>>> print(open('target-v9.pdb').read())   # PDB, C-alpha atoms, pLDDT in the B column
ATOM      1  CA  ASN Z   4      -6.585  16.627 -10.160  1.00 48.00           C
ATOM      2  CA  GLY Z   5      -9.019  15.341  -7.515  1.00 55.00           C
ATOM      3  CA  GLY Z   6      -8.964  11.675  -8.500  1.00 66.00           C
ATOM      4  CA  GLN Z   7      -9.624  12.366 -12.171  1.00 84.00           C
ATOM      5  CA  HIS Z   8      -7.766  10.916 -15.145  1.00 87.00           C
ATOM      6  CA  VAL Z   9      -5.725  13.085 -17.546  1.00 90.00           C
ATOM      7  CA  GLU Z  10      -4.257  12.283 -20.962  1.00 91.00           C
ATOM      8  CA  TYR Z  11      -0.890  13.876 -21.847  1.00 94.00           C
ATOM      9  CA  ALA Z  12       0.549  13.956 -25.357  1.00 94.00           C
ATOM     10  CA  ARG Z  13       3.866  12.260 -26.028  1.00 93.00           C
ATOM     11  CA  GLY Z  14       6.669  14.691 -25.239  1.00 92.00           C
ATOM     12  CA  GLU Z  15       4.381  17.069 -23.334  1.00 95.00           C
ATOM     13  CA  GLU Z  16       5.991  18.490 -20.208  1.00 94.00           C
ATOM     14  CA  LEU Z  17       4.518  17.064 -17.012  1.00 94.00           C
ATOM     15  CA  PRO Z  18       3.789  19.231 -13.939  1.00 93.00           C
ATOM     16  CA  PHE Z  19       5.951  17.104 -11.618  1.00 94.00           C
ATOM     17  CA  GLN Z  20       9.440  17.386 -10.171  1.00 95.00           C
ATOM     18  CA  VAL Z  21      10.933  13.910  -9.762  1.00 96.00           C
ATOM     19  CA  LEU Z  22      12.803  13.647  -6.445  1.00 96.00           C
ATOM     20  CA  GLY Z  23      13.920  10.033  -6.579  1.00 95.00           C
ATOM     21  CA  THR Z  24      12.935   6.385  -6.958  1.00 94.00           C
ATOM     22  CA  ILE Z  25      11.155   4.706  -4.045  1.00 91.00           C
ATOM     23  CA  GLY Z  26      10.887   1.176  -5.401  1.00 87.00           C
ATOM     24  CA  MET Z  27      10.613  -1.038  -8.469  1.00 85.00           C
ATOM     25  CA  SER Z  28       8.917  -4.303  -9.433  1.00 79.00           C
ATOM     26  CA  LEU Z  29       8.626  -6.328 -12.628  1.00 76.00           C
ATOM     27  CA  THR Z  30       5.685  -4.217 -13.791  1.00 77.00           C
ATOM     28  CA  ALA Z  31       5.944  -0.843 -12.026  1.00 84.00           C
ATOM     29  CA  THR Z  32       8.266   1.923 -10.856  1.00 90.00           C
ATOM     30  CA  VAL Z  33       7.372   4.071  -7.850  1.00 93.00           C
ATOM     31  CA  GLU Z  34       8.920   7.530  -7.542  1.00 95.00           C
ATOM     32  CA  LYS Z  35       8.655  10.452  -5.145  1.00 96.00           C
ATOM     33  CA  VAL Z  36       7.469  13.543  -7.025  1.00 97.00           C
ATOM     34  CA  ARG Z  37       6.508  17.089  -6.113  1.00 96.00           C
ATOM     35  CA  CYS Z  38       3.406  18.697  -7.614  1.00 92.00           C
ATOM     36  CA  ARG Z  39       2.442  22.215  -6.505  1.00 88.00           C
ATOM     37  CA  ARG Z  40       4.570  21.870  -3.351  1.00 91.00           C
ATOM     38  CA  ILE Z  41       2.863  18.598  -2.409  1.00 93.00           C
ATOM     39  CA  LEU Z  42       4.895  15.387  -2.178  1.00 96.00           C
ATOM     40  CA  LEU Z  43       3.268  12.412  -3.902  1.00 96.00           C
ATOM     41  CA  ALA Z  44       4.145   8.852  -4.804  1.00 96.00           C
ATOM     42  CA  ARG Z  45       3.906   8.190  -8.536  1.00 95.00           C
ATOM     43  CA  LYS Z  46       3.415   4.557  -9.615  1.00 91.00           C
ATOM     44  CA  THR Z  47       4.120   4.073 -13.334  1.00 91.00           C
ATOM     45  CA  MET Z  48       3.616   1.073 -15.571  1.00 87.00           C
ATOM     46  CA  VAL Z  49       4.574   0.676 -19.229  1.00 85.00           C
ATOM     47  CA  CYS Z  50       1.497  -0.851 -20.820  1.00 81.00           C
ATOM     48  CA  GLY Z  51       2.953  -3.345 -23.247  1.00 74.00           C
ATOM     49  CA  ARG Z  52       0.675  -6.143 -22.132  1.00 63.00           C
ATOM     50  CA  ARG Z  53      -3.065  -5.944 -21.777  1.00 54.00           C
ATOM     51  CA  TRP Z  54      -3.100  -7.347 -18.261  1.00 55.00           C
ATOM     52  CA  SER Z  55      -0.751  -4.729 -16.845  1.00 63.00           C
ATOM     53  CA  LEU Z  56      -3.052  -1.879 -17.873  1.00 69.00           C
ATOM     54  CA  HIS Z  57      -6.004  -3.899 -16.619  1.00 72.00           C
ATOM     55  CA  ASN Z  58      -4.360  -4.270 -13.193  1.00 69.00           C
ATOM     56  CA  ALA Z  59      -3.606  -0.552 -13.067  1.00 73.00           C
ATOM     57  CA  LEU Z  60      -7.236   0.289 -13.760  1.00 77.00           C
ATOM     58  CA  ILE Z  61      -8.357  -2.154 -11.063  1.00 77.00           C
ATOM     59  CA  GLU Z  62      -6.183  -0.340  -8.518  1.00 77.00           C
ATOM     60  CA  VAL Z  63      -7.568   3.043  -9.572  1.00 85.00           C
ATOM     61  CA  GLU Z  64     -11.153   1.763  -9.335  1.00 84.00           C
ATOM     62  CA  HIS Z  65     -10.659   0.460  -5.802  1.00 83.00           C
ATOM     63  CA  LEU Z  66      -8.790   3.509  -4.543  1.00 87.00           C
ATOM     64  CA  GLN Z  67     -11.497   5.809  -5.892  1.00 89.00           C
ATOM     65  CA  LYS Z  68     -14.101   4.191  -3.654  1.00 88.00           C
ATOM     66  CA  LEU Z  69     -12.014   3.340  -0.564  1.00 92.00           C
ATOM     67  CA  LYS Z  70     -11.692   6.299   1.822  1.00 93.00           C
ATOM     68  CA  HIS Z  71     -10.127   5.463   5.187  1.00 96.00           C
ATOM     69  CA  PRO Z  72      -7.432   7.097   7.367  1.00 95.00           C
ATOM     70  CA  HIS Z  73      -5.256   3.998   7.050  1.00 96.00           C
ATOM     71  CA  ILE Z  74      -5.607   3.354   3.320  1.00 96.00           C
ATOM     72  CA  ILE Z  75      -3.353   5.103   0.804  1.00 94.00           C
ATOM     73  CA  GLN Z  76      -5.322   7.757  -1.108  1.00 94.00           C
ATOM     74  CA  LEU Z  77      -5.648   8.251  -4.855  1.00 92.00           C
ATOM     75  CA  VAL Z  78      -4.890  11.797  -6.014  1.00 93.00           C
ATOM     76  CA  GLY Z  79      -5.241  11.134  -9.732  1.00 92.00           C
ATOM     77  CA  SER Z  80      -4.002   9.189 -12.729  1.00 92.00           C
ATOM     78  CA  TYR Z  81      -2.736   9.982 -16.186  1.00 93.00           C
ATOM     79  CA  MET Z  82      -1.604   8.380 -19.430  1.00 91.00           C
ATOM     80  CA  GLN Z  83       1.272   9.519 -21.625  1.00 93.00           C
ATOM     81  CA  GLY Z  84       2.060   7.315 -24.583  1.00 90.00           C
ATOM     82  CA  ARG Z  85       2.285   3.773 -23.227  1.00 88.00           C
ATOM     83  CA  LYS Z  86       2.966   4.934 -19.662  1.00 91.00           C
ATOM     84  CA  PHE Z  87       0.108   4.795 -17.172  1.00 91.00           C
ATOM     85  CA  SER Z  88       0.754   6.569 -13.853  1.00 93.00           C
ATOM     86  CA  VAL Z  89      -1.154   6.697 -10.581  1.00 92.00           C
ATOM     87  CA  LEU Z  90      -0.548   9.512  -8.082  1.00 94.00           C
ATOM     88  CA  LEU Z  91      -0.863   8.531  -4.421  1.00 94.00           C
ATOM     89  CA  TYR Z  92      -0.769  10.285  -1.036  1.00 95.00           C
ATOM     90  CA  PRO Z  93       1.055  10.256   1.286  1.00 95.00           C
ATOM     91  CA  VAL Z  94       4.635   9.329   0.433  1.00 95.00           C
ATOM     92  CA  ALA Z  95       5.704   6.691   2.942  1.00 94.00           C
ATOM     93  CA  ASP Z  96       9.061   6.529   4.717  1.00 93.00           C
ATOM     94  CA  PHE Z  97       9.108   2.724   5.023  1.00 92.00           C
ATOM     95  CA  ASP Z  98       7.166  -0.344   4.119  1.00 93.00           C
ATOM     96  CA  MET Z  99       6.319  -2.571   7.056  1.00 93.00           C
ATOM     97  CA  GLY Z 100       9.206  -4.952   6.355  1.00 92.00           C
ATOM     98  CA  LYS Z 101      11.802  -2.181   6.470  1.00 92.00           C
ATOM     99  CA  PHE Z 102      10.178  -0.575   9.492  1.00 92.00           C
ATOM    100  CA  TYR Z 103      10.249  -3.903  11.319  1.00 91.00           C
ATOM    101  CA  ASP Z 104      13.960  -4.206  10.505  1.00 89.00           C
ATOM    102  CA  GLU Z 105      14.500  -0.789  12.109  1.00 81.00           C
ATOM    103  CA  VAL Z 106      12.656  -1.881  15.255  1.00 83.00           C
ATOM    104  CA  LEU Z 107      14.461  -5.220  15.380  1.00 85.00           C
ATOM    105  CA  THR Z 108      17.835  -3.479  15.129  1.00 80.00           C
ATOM    106  CA  ALA Z 109      16.880  -1.172  18.001  1.00 73.00           C
ATOM    107  CA  VAL Z 110      15.842  -4.096  20.182  1.00 75.00           C
ATOM    108  CA  LEU Z 111      18.948  -6.155  19.413  1.00 78.00           C
ATOM    109  CA  ASP Z 112      21.230  -3.173  20.051  1.00 74.00           C
ATOM    110  CA  ASN Z 113      19.410  -2.387  23.313  1.00 68.00           C
ATOM    111  CA  PRO Z 114      18.341  -5.747  24.766  1.00 63.00           C
ATOM    112  CA  ASN Z 115      17.482  -4.215  28.137  1.00 67.00           C
ATOM    113  CA  GLU Z 116      13.960  -2.763  28.123  1.00 62.00           C
ATOM    114  CA  ASN Z 117      15.125   0.172  30.236  1.00 63.00           C
ATOM    115  CA  GLN Z 118      17.712   1.043  27.564  1.00 59.00           C
ATOM    116  CA  ILE Z 119      15.006   1.163  24.907  1.00 54.00           C
ATOM    117  CA  GLN Z 120      12.710   3.303  27.056  1.00 56.00           C
ATOM    118  CA  THR Z 121      15.460   5.878  27.620  1.00 58.00           C
ATOM    119  CA  ASN Z 122      15.832   6.278  23.841  1.00 67.00           C
ATOM    120  CA  ARG Z 123      12.613   8.042  22.808  1.00 69.00           C
ATOM    121  CA  GLN Z 124      13.031   7.312  19.094  1.00 70.00           C
ATOM    122  CA  TYR Z 125      13.392   3.553  19.588  1.00 73.00           C
ATOM    123  CA  ALA Z 126      10.671   3.459  22.260  1.00 76.00           C
ATOM    124  CA  ASP Z 127       8.224   5.199  19.922  1.00 83.00           C
ATOM    125  CA  CYS Z 128       9.004   2.754  17.107  1.00 83.00           C
ATOM    126  CA  VAL Z 129       8.352  -0.236  19.354  1.00 82.00           C
ATOM    127  CA  GLN Z 130       5.108   1.269  20.683  1.00 86.00           C
ATOM    128  CA  ALA Z 131       4.028   2.159  17.145  1.00 88.00           C
ATOM    129  CA  MET Z 132       4.293  -1.508  16.164  1.00 88.00           C
ATOM    130  CA  TRP Z 133       1.703  -2.328  18.844  1.00 87.00           C
ATOM    131  CA  SER Z 134      -0.626   0.447  17.700  1.00 89.00           C
ATOM    132  CA  PHE Z 135      -0.513  -0.745  14.088  1.00 93.00           C
ATOM    133  CA  PHE Z 136      -2.606  -3.845  14.878  1.00 92.00           C
ATOM    134  CA  ALA Z 137      -5.768  -1.856  15.636  1.00 94.00           C
ATOM    135  CA  CYS Z 138      -5.225   0.524  12.709  1.00 95.00           C
ATOM    136  CA  LEU Z 139      -4.709  -2.251  10.162  1.00 96.00           C
ATOM    137  CA  SER Z 140      -7.565  -4.341  11.539  1.00 96.00           C
ATOM    138  CA  ASP Z 141      -9.964  -1.414  11.231  1.00 97.00           C
ATOM    139  CA  ALA Z 142      -8.763  -0.631   7.691  1.00 97.00           C
ATOM    140  CA  LEU Z 143      -9.235  -4.259   6.636  1.00 96.00           C
ATOM    141  CA  ARG Z 144     -12.686  -4.366   8.257  1.00 96.00           C
ATOM    142  CA  TYR Z 145     -13.584  -1.299   6.208  1.00 96.00           C
ATOM    143  CA  ILE Z 146     -12.237  -2.829   2.965  1.00 94.00           C
ATOM    144  CA  HIS Z 147     -14.349  -5.942   3.512  1.00 93.00           C
ATOM    145  CA  SER Z 148     -17.419  -3.842   4.396  1.00 92.00           C
ATOM    146  CA  CYS Z 149     -17.077  -2.269   0.927  1.00 90.00           C
ATOM    147  CA  ALA Z 150     -17.434  -5.752  -0.632  1.00 88.00           C
ATOM    148  CA  THR Z 151     -13.754  -5.817  -1.586  1.00 88.00           C
ATOM    149  CA  LYS Z 152     -10.959  -8.308  -0.942  1.00 88.00           C
ATOM    150  CA  HIS Z 153      -7.370  -7.055  -0.985  1.00 88.00           C
ATOM    151  CA  LEU Z 154      -5.797 -10.469  -1.773  1.00 85.00           C
ATOM    152  CA  ASP Z 155      -2.180  -9.365  -1.325  1.00 88.00           C
ATOM    153  CA  ILE Z 156      -1.693  -8.310   2.307  1.00 92.00           C
ATOM    154  CA  LYS Z 157       2.038  -8.467   3.088  1.00 93.00           C
ATOM    155  CA  PRO Z 158       4.706  -6.203   4.629  1.00 93.00           C
ATOM    156  CA  GLY Z 159       5.638  -4.704   1.253  1.00 91.00           C
ATOM    157  CA  ASN Z 160       2.048  -3.512   0.769  1.00 92.00           C
ATOM    158  CA  ILE Z 161       1.753  -1.924   4.221  1.00 95.00           C
ATOM    159  CA  LEU Z 162       3.315   1.539   4.359  1.00 95.00           C
ATOM    160  CA  VAL Z 163       4.590   3.504   7.348  1.00 95.00           C
ATOM    161  CA  LYS Z 164       4.977   7.273   7.424  1.00 95.00           C
ATOM    162  CA  LYS Z 165       6.552   9.435  10.081  1.00 91.00           C
ATOM    163  CA  HIS Z 166       3.723  11.541  11.455  1.00 86.00           C
ATOM    164  CA  PRO Z 167       4.648  13.819  14.398  1.00 84.00           C
ATOM    165  CA  SER Z 168       1.050  14.503  15.410  1.00 84.00           C
ATOM    166  CA  TYR Z 169       0.117  10.807  15.496  1.00 83.00           C
ATOM    167  CA  PRO Z 170       0.603   8.558  18.555  1.00 78.00           C
ATOM    168  CA  TYR Z 171       4.236   7.348  18.709  1.00 85.00           C
ATOM    169  CA  GLY Z 172       5.126   9.426  15.651  1.00 90.00           C
ATOM    170  CA  HIS Z 173       4.166   6.961  12.922  1.00 92.00           C
ATOM    171  CA  ARG Z 174       1.085   6.214  10.835  1.00 94.00           C
ATOM    172  CA  VAL Z 175       0.348   3.018   8.906  1.00 95.00           C
ATOM    173  CA  TYR Z 176      -1.464   2.556   5.566  1.00 97.00           C
ATOM    174  CA  ILE Z 177      -2.638  -0.374   3.454  1.00 95.00           C
ATOM    175  CA  ALA Z 178      -1.575   0.038  -0.189  1.00 92.00           C
ATOM    176  CA  ASP Z 179      -1.379  -1.738  -3.562  1.00 87.00           C
ATOM    177  CA  PHE Z 180      -4.842  -2.853  -4.638  1.00 82.00           C
ATOM    178  CA  GLY Z 181      -3.651  -4.077  -8.040  1.00 74.00           C
ATOM    179  CA  ILE Z 182      -5.077  -7.600  -7.703  1.00 68.00           C
ATOM    180  CA  SER Z 183      -8.035  -6.815  -5.432  1.00 71.00           C
ATOM    181  CA  ARG Z 184     -11.480  -8.175  -6.253  1.00 70.00           C
ATOM    182  CA  CYS Z 185     -15.032  -7.036  -5.600  1.00 74.00           C
ATOM    183  CA  PHE Z 186     -17.746  -9.505  -4.655  1.00 67.00           C
ATOM    184  CA  PRO Z 187     -21.503  -9.097  -5.044  1.00 63.00           C
ATOM    185  CA  ALA Z 188     -22.622  -9.455  -1.424  1.00 58.00           C
ATOM    186  CA  LEU Z 189     -21.100  -9.648   2.031  1.00 54.00           C
ATOM    187  CA  ASP Z 190     -22.415 -13.209   2.445  1.00 55.00           C
ATOM    188  CA  HIS Z 191     -20.848 -14.394  -0.805  1.00 54.00           C
ATOM    189  CA  SER Z 192     -17.148 -13.476  -0.923  1.00 57.00           C
ATOM    190  CA  GLN Z 193     -15.802 -16.893  -1.943  1.00 60.00           C
ATOM    191  CA  THR Z 194     -14.095 -17.023  -5.343  1.00 57.00           C
ATOM    192  CA  ASP Z 195     -11.865 -19.545  -7.064  1.00 56.00           C
ATOM    193  CA  ALA Z 196     -10.217 -17.134  -9.499  1.00 55.00           C
ATOM    194  CA  GLU Z 197      -6.478 -17.668  -9.826  1.00 57.00           C
ATOM    195  CA  ILE Z 198      -4.445 -14.728  -8.540  1.00 61.00           C
ATOM    196  CA  PRO Z 199      -0.717 -13.983  -8.108  1.00 67.00           C
ATOM    197  CA  ARG Z 200       0.513 -15.403  -4.805  1.00 71.00           C
ATOM    198  CA  THR Z 201       3.153 -14.398  -2.259  1.00 82.00           C
ATOM    199  CA  PRO Z 202       4.049 -17.805  -0.757  1.00 86.00           C
ATOM    200  CA  LYS Z 203       5.201 -16.508   2.622  1.00 90.00           C
ATOM    201  CA  TYR Z 204       2.003 -14.573   3.353  1.00 90.00           C
ATOM    202  CA  CYS Z 205      -0.848 -16.073   1.327  1.00 88.00           C
ATOM    203  CA  ALA Z 206      -3.485 -18.232   3.038  1.00 88.00           C
ATOM    204  CA  PRO Z 207      -3.315 -22.028   2.556  1.00 90.00           C
ATOM    205  CA  GLU Z 208      -6.450 -22.027   0.386  1.00 86.00           C
ATOM    206  CA  VAL Z 209      -4.898 -19.399  -1.909  1.00 85.00           C
ATOM    207  CA  TRP Z 210      -1.684 -21.400  -2.167  1.00 84.00           C
ATOM    208  CA  SER Z 211      -3.699 -24.522  -3.004  1.00 85.00           C
ATOM    209  CA  ARG Z 212      -5.728 -22.565  -5.602  1.00 84.00           C
ATOM    210  CA  GLU Z 213      -8.958 -23.368  -3.779  1.00 84.00           C
ATOM    211  CA  ALA Z 214     -11.973 -21.100  -3.237  1.00 83.00           C
ATOM    212  CA  HIS Z 215     -11.010 -18.210  -0.968  1.00 82.00           C
ATOM    213  CA  GLY Z 216     -12.773 -15.263   0.642  1.00 82.00           C
ATOM    214  CA  ARG Z 217     -12.223 -12.495   3.164  1.00 88.00           C
ATOM    215  CA  ALA Z 218     -10.594 -14.964   5.594  1.00 91.00           C
ATOM    216  CA  ALA Z 219      -7.581 -15.115   3.285  1.00 89.00           C
ATOM    217  CA  ASP Z 220      -6.915 -11.420   3.981  1.00 92.00           C
ATOM    218  CA  ILE Z 221      -7.216 -12.031   7.723  1.00 92.00           C
ATOM    219  CA  PHE Z 222      -4.685 -14.876   7.510  1.00 93.00           C
ATOM    220  CA  SER Z 223      -2.187 -12.679   5.655  1.00 92.00           C
TER     221      SER Z 223
END
>>> encode(input="target-v9.pdb", output="structure tokens")
Amino acid sequence: NGGQHVEYARGEELPFQVLGTIGMSLTATVEKVRCRRILLARKTMVCGRRWSLHNALIEVEHLQKLKHPHIIQLVGSYMQGRKFSVLLYPVADFDMGKFYDEVLTAVLDNPNENQIQTNRQYADCVQAMWSFFACLSDALRYIHSCATKHLDIKPGNILVKKHPSYPYGHRVYIADFGISRCFPALDHSQTDAEIPRTPKYCAPEVWSREAHGRAADIFS
């Protein structure tokens, strides 16, 4: 629906074929669905608490304005009863954590560099890891240039999709803008608002609940 929002009545049939569950968290379920032959990721939250709907709307707002080759794209959103769903493109094959595990397994099983190079699939995965740095850095630069902080950069929020026409057969995307924040000017991105934290990846100032800005995203 081109990024628009649709309201469905309770019990109304939805125009999606559910193909399986991709992941789950305390507040959301992500499924692979087909709509008019196109595969999409559908992120659904049951809005029993005010903050969960608020976070969903924040993500929609950010995705509507962020357009970059390495940022997941909003297709649309809809509400049915208490369920709020966001439709996203593309459907990833891995998150960065799982992709890294695949690469690590390949390296451990083939410790000799020549062995890896003779296996095109493993070699492409290893080379793709190197290429991701530039892609993610450019995407984050773009996010910050739009006066937005992501605030939750971590492997689970970086998606990898097999992409035959892309160098080394994989493409990387930044996703999950549910706790992102806008700031009024590029020279004033420091905030002291309390946000959810991922201890392993958050910057020290975020962990200490101190004022934090764009540098916190760079650290993560």
>>> closest_residue(input="target-v9.pdb", among="Z:Val36, Z:Leu90, Z:Ala31, Z:Leu42", to="Gln7 (chain Z)", atoms="all atoms listed in the file")
Z:Leu90
>>> atom_distance(input="target-v9.pdb", atom1="CA of Gln20 (chain Z)", atom2="CA of Ala44 (chain Z)")
11.4 Å
>>> atom_distance(input="target-v9.pdb", atom1="CA of Ser183 (chain Z)", atom2="CA of Glu10 (chain Z)")
24.9 Å
>>> residues_around(input="target-v9.pdb", residues="Thr24 (chain Z)", least_positions_apart="5", cutoff="7 Å", atoms="all atoms listed in the file", output="list in words")
Val33, Glu34 and Lys35 of chain Z
>>> resolve_selection(input="target-v9.pdb", expression="the PyMOL selection byres ((chain Z and resi 17) around 12)", output="list in words")
Val9, Glu10, Tyr11, Ala12, Arg13, Gly14, Glu15, Glu16, Pro18, Phe19, Gln20, Val21, Val36, Arg37, Cys38, Arg39, Tyr81, Met82, Gln83 and Ser88 of chain Z
>>> closest_residue(input="target-v9.pdb", among="Z:Leu66, Z:Met48, Z:Ile25, Z:Met99", to="Ala131 (chain Z)", atoms="all atoms listed in the file")
Z:Met99
>>> decode(input="target-v9.pdb", residues="region 63-80 of chain Z", atoms="N, CA, C and O atoms", output="PDB file, in the first residue's frame")
ATOM      1  N   VAL Z  63       7.561   3.242  12.444  1.00  0.00           N
ATOM      2  CA  VAL Z  63       6.925   3.605  11.176  1.00  0.00           C
ATOM      3  C   VAL Z  63       7.347   5.005  10.738  1.00  0.00           C
ATOM      4  O   VAL Z  63       7.684   5.237   9.571  1.00  0.00           O
ATOM      5  N   GLU Z  64       7.350   5.948  11.686  1.00  0.00           N
ATOM      6  CA  GLU Z  64       7.719   7.331  11.365  1.00  0.00           C
ATOM      7  C   GLU Z  64       9.128   7.416  10.809  1.00  0.00           C
ATOM      8  O   GLU Z  64       9.382   8.105   9.812  1.00  0.00           O
ATOM      9  N   HIS Z  65      10.074   6.700  11.437  1.00  0.00           N
ATOM     10  CA  HIS Z  65      11.451   6.752  10.965  1.00  0.00           C
ATOM     11  C   HIS Z  65      11.603   6.073   9.613  1.00  0.00           C
ATOM     12  O   HIS Z  65      12.287   6.594   8.720  1.00  0.00           O
ATOM     13  N   LEU Z  66      10.986   4.921   9.436  1.00  0.00           N
ATOM     14  CA  LEU Z  66      11.131   4.196   8.184  1.00  0.00           C
ATOM     15  C   LEU Z  66      10.489   4.941   7.015  1.00  0.00           C
ATOM     16  O   LEU Z  66      10.910   4.788   5.870  1.00  0.00           O
ATOM     17  N   GLN Z  67       9.470   5.738   7.295  1.00  0.00           N
ATOM     18  CA  GLN Z  67       8.843   6.513   6.226  1.00  0.00           C
ATOM     19  C   GLN Z  67       9.801   7.560   5.651  1.00  0.00           C
ATOM     20  O   GLN Z  67       9.741   7.887   4.464  1.00  0.00           O
ATOM     21  N   LYS Z  68      10.689   8.078   6.490  1.00  0.00           N
ATOM     22  CA  LYS Z  68      11.566   9.148   6.003  1.00  0.00           C
ATOM     23  C   LYS Z  68      12.958   8.660   5.611  1.00  0.00           C
ATOM     24  O   LYS Z  68      13.674   9.366   4.908  1.00  0.00           O
ATOM     25  N   LEU Z  69      13.358   7.463   6.058  1.00  0.00           N
ATOM     26  CA  LEU Z  69      14.703   6.971   5.774  1.00  0.00           C
ATOM     27  C   LEU Z  69      14.690   6.103   4.516  1.00  0.00           C
ATOM     28  O   LEU Z  69      14.077   5.035   4.496  1.00  0.00           O
ATOM     29  N   LYS Z  70      15.344   6.551   3.470  1.00  0.00           N
ATOM     30  CA  LYS Z  70      15.411   5.827   2.205  1.00  0.00           C
ATOM     31  C   LYS Z  70      16.872   5.631   1.827  1.00  0.00           C
ATOM     32  O   LYS Z  70      17.543   6.579   1.420  1.00  0.00           O
ATOM     33  N   HIS Z  71      17.367   4.413   1.982  1.00  0.00           N
ATOM     34  CA  HIS Z  71      18.780   4.129   1.721  1.00  0.00           C
ATOM     35  C   HIS Z  71      18.896   2.673   1.291  1.00  0.00           C
ATOM     36  O   HIS Z  71      18.150   1.810   1.783  1.00  0.00           O
ATOM     37  N   PRO Z  72      19.820   2.345   0.387  1.00  0.00           N
ATOM     38  CA  PRO Z  72      19.945   0.956  -0.087  1.00  0.00           C
ATOM     39  C   PRO Z  72      20.258  -0.057   1.005  1.00  0.00           C
ATOM     40  O   PRO Z  72      20.025  -1.251   0.809  1.00  0.00           O
ATOM     41  N   HIS Z  73      20.779   0.411   2.143  1.00  0.00           N
ATOM     42  CA  HIS Z  73      21.140  -0.515   3.207  1.00  0.00           C
ATOM     43  C   HIS Z  73      20.339  -0.283   4.483  1.00  0.00           C
ATOM     44  O   HIS Z  73      20.803  -0.556   5.589  1.00  0.00           O
ATOM     45  N   ILE Z  74      19.111   0.211   4.306  1.00  0.00           N
ATOM     46  CA  ILE Z  74      18.153   0.331   5.402  1.00  0.00           C
ATOM     47  C   ILE Z  74      16.884  -0.389   4.984  1.00  0.00           C
ATOM     48  O   ILE Z  74      16.407  -0.220   3.861  1.00  0.00           O
ATOM     49  N   ILE Z  75      16.345  -1.215   5.867  1.00  0.00           N
ATOM     50  CA  ILE Z  75      15.122  -1.960   5.564  1.00  0.00           C
ATOM     51  C   ILE Z  75      14.015  -0.966   5.201  1.00  0.00           C
ATOM     52  O   ILE Z  75      13.932   0.128   5.772  1.00  0.00           O
ATOM     53  N   GLN Z  76      13.172  -1.314   4.235  1.00  0.00           N
ATOM     54  CA  GLN Z  76      12.173  -0.377   3.726  1.00  0.00           C
ATOM     55  C   GLN Z  76      10.765  -0.697   4.220  1.00  0.00           C
ATOM     56  O   GLN Z  76      10.358  -1.862   4.290  1.00  0.00           O
ATOM     57  N   LEU Z  77      10.030   0.358   4.547  1.00  0.00           N
ATOM     58  CA  LEU Z  77       8.635   0.220   4.957  1.00  0.00           C
ATOM     59  C   LEU Z  77       7.746   0.093   3.722  1.00  0.00           C
ATOM     60  O   LEU Z  77       7.816   0.918   2.810  1.00  0.00           O
ATOM     61  N   VAL Z  78       6.923  -0.949   3.690  1.00  0.00           N
ATOM     62  CA  VAL Z  78       5.944  -1.108   2.615  1.00  0.00           C
ATOM     63  C   VAL Z  78       4.598  -0.539   3.052  1.00  0.00           C
ATOM     64  O   VAL Z  78       3.892   0.100   2.278  1.00  0.00           O
ATOM     65  N   GLY Z  79       4.237  -0.766   4.304  1.00  0.00           N
ATOM     66  CA  GLY Z  79       2.977  -0.259   4.821  1.00  0.00           C
ATOM     67  C   GLY Z  79       2.739  -0.748   6.231  1.00  0.00           C
ATOM     68  O   GLY Z  79       3.555  -1.488   6.792  1.00  0.00           O
ATOM     69  N   SER Z  80       1.634  -0.327   6.809  1.00  0.00           N
ATOM     70  CA  SER Z  80       1.259  -0.777   8.150  1.00  0.00           C
ATOM     71  C   SER Z  80      -0.255  -0.912   8.215  1.00  0.00           C
ATOM     72  O   SER Z  80      -0.972  -0.325   7.402  1.00  0.00           O
TER      73      SER Z  80
END
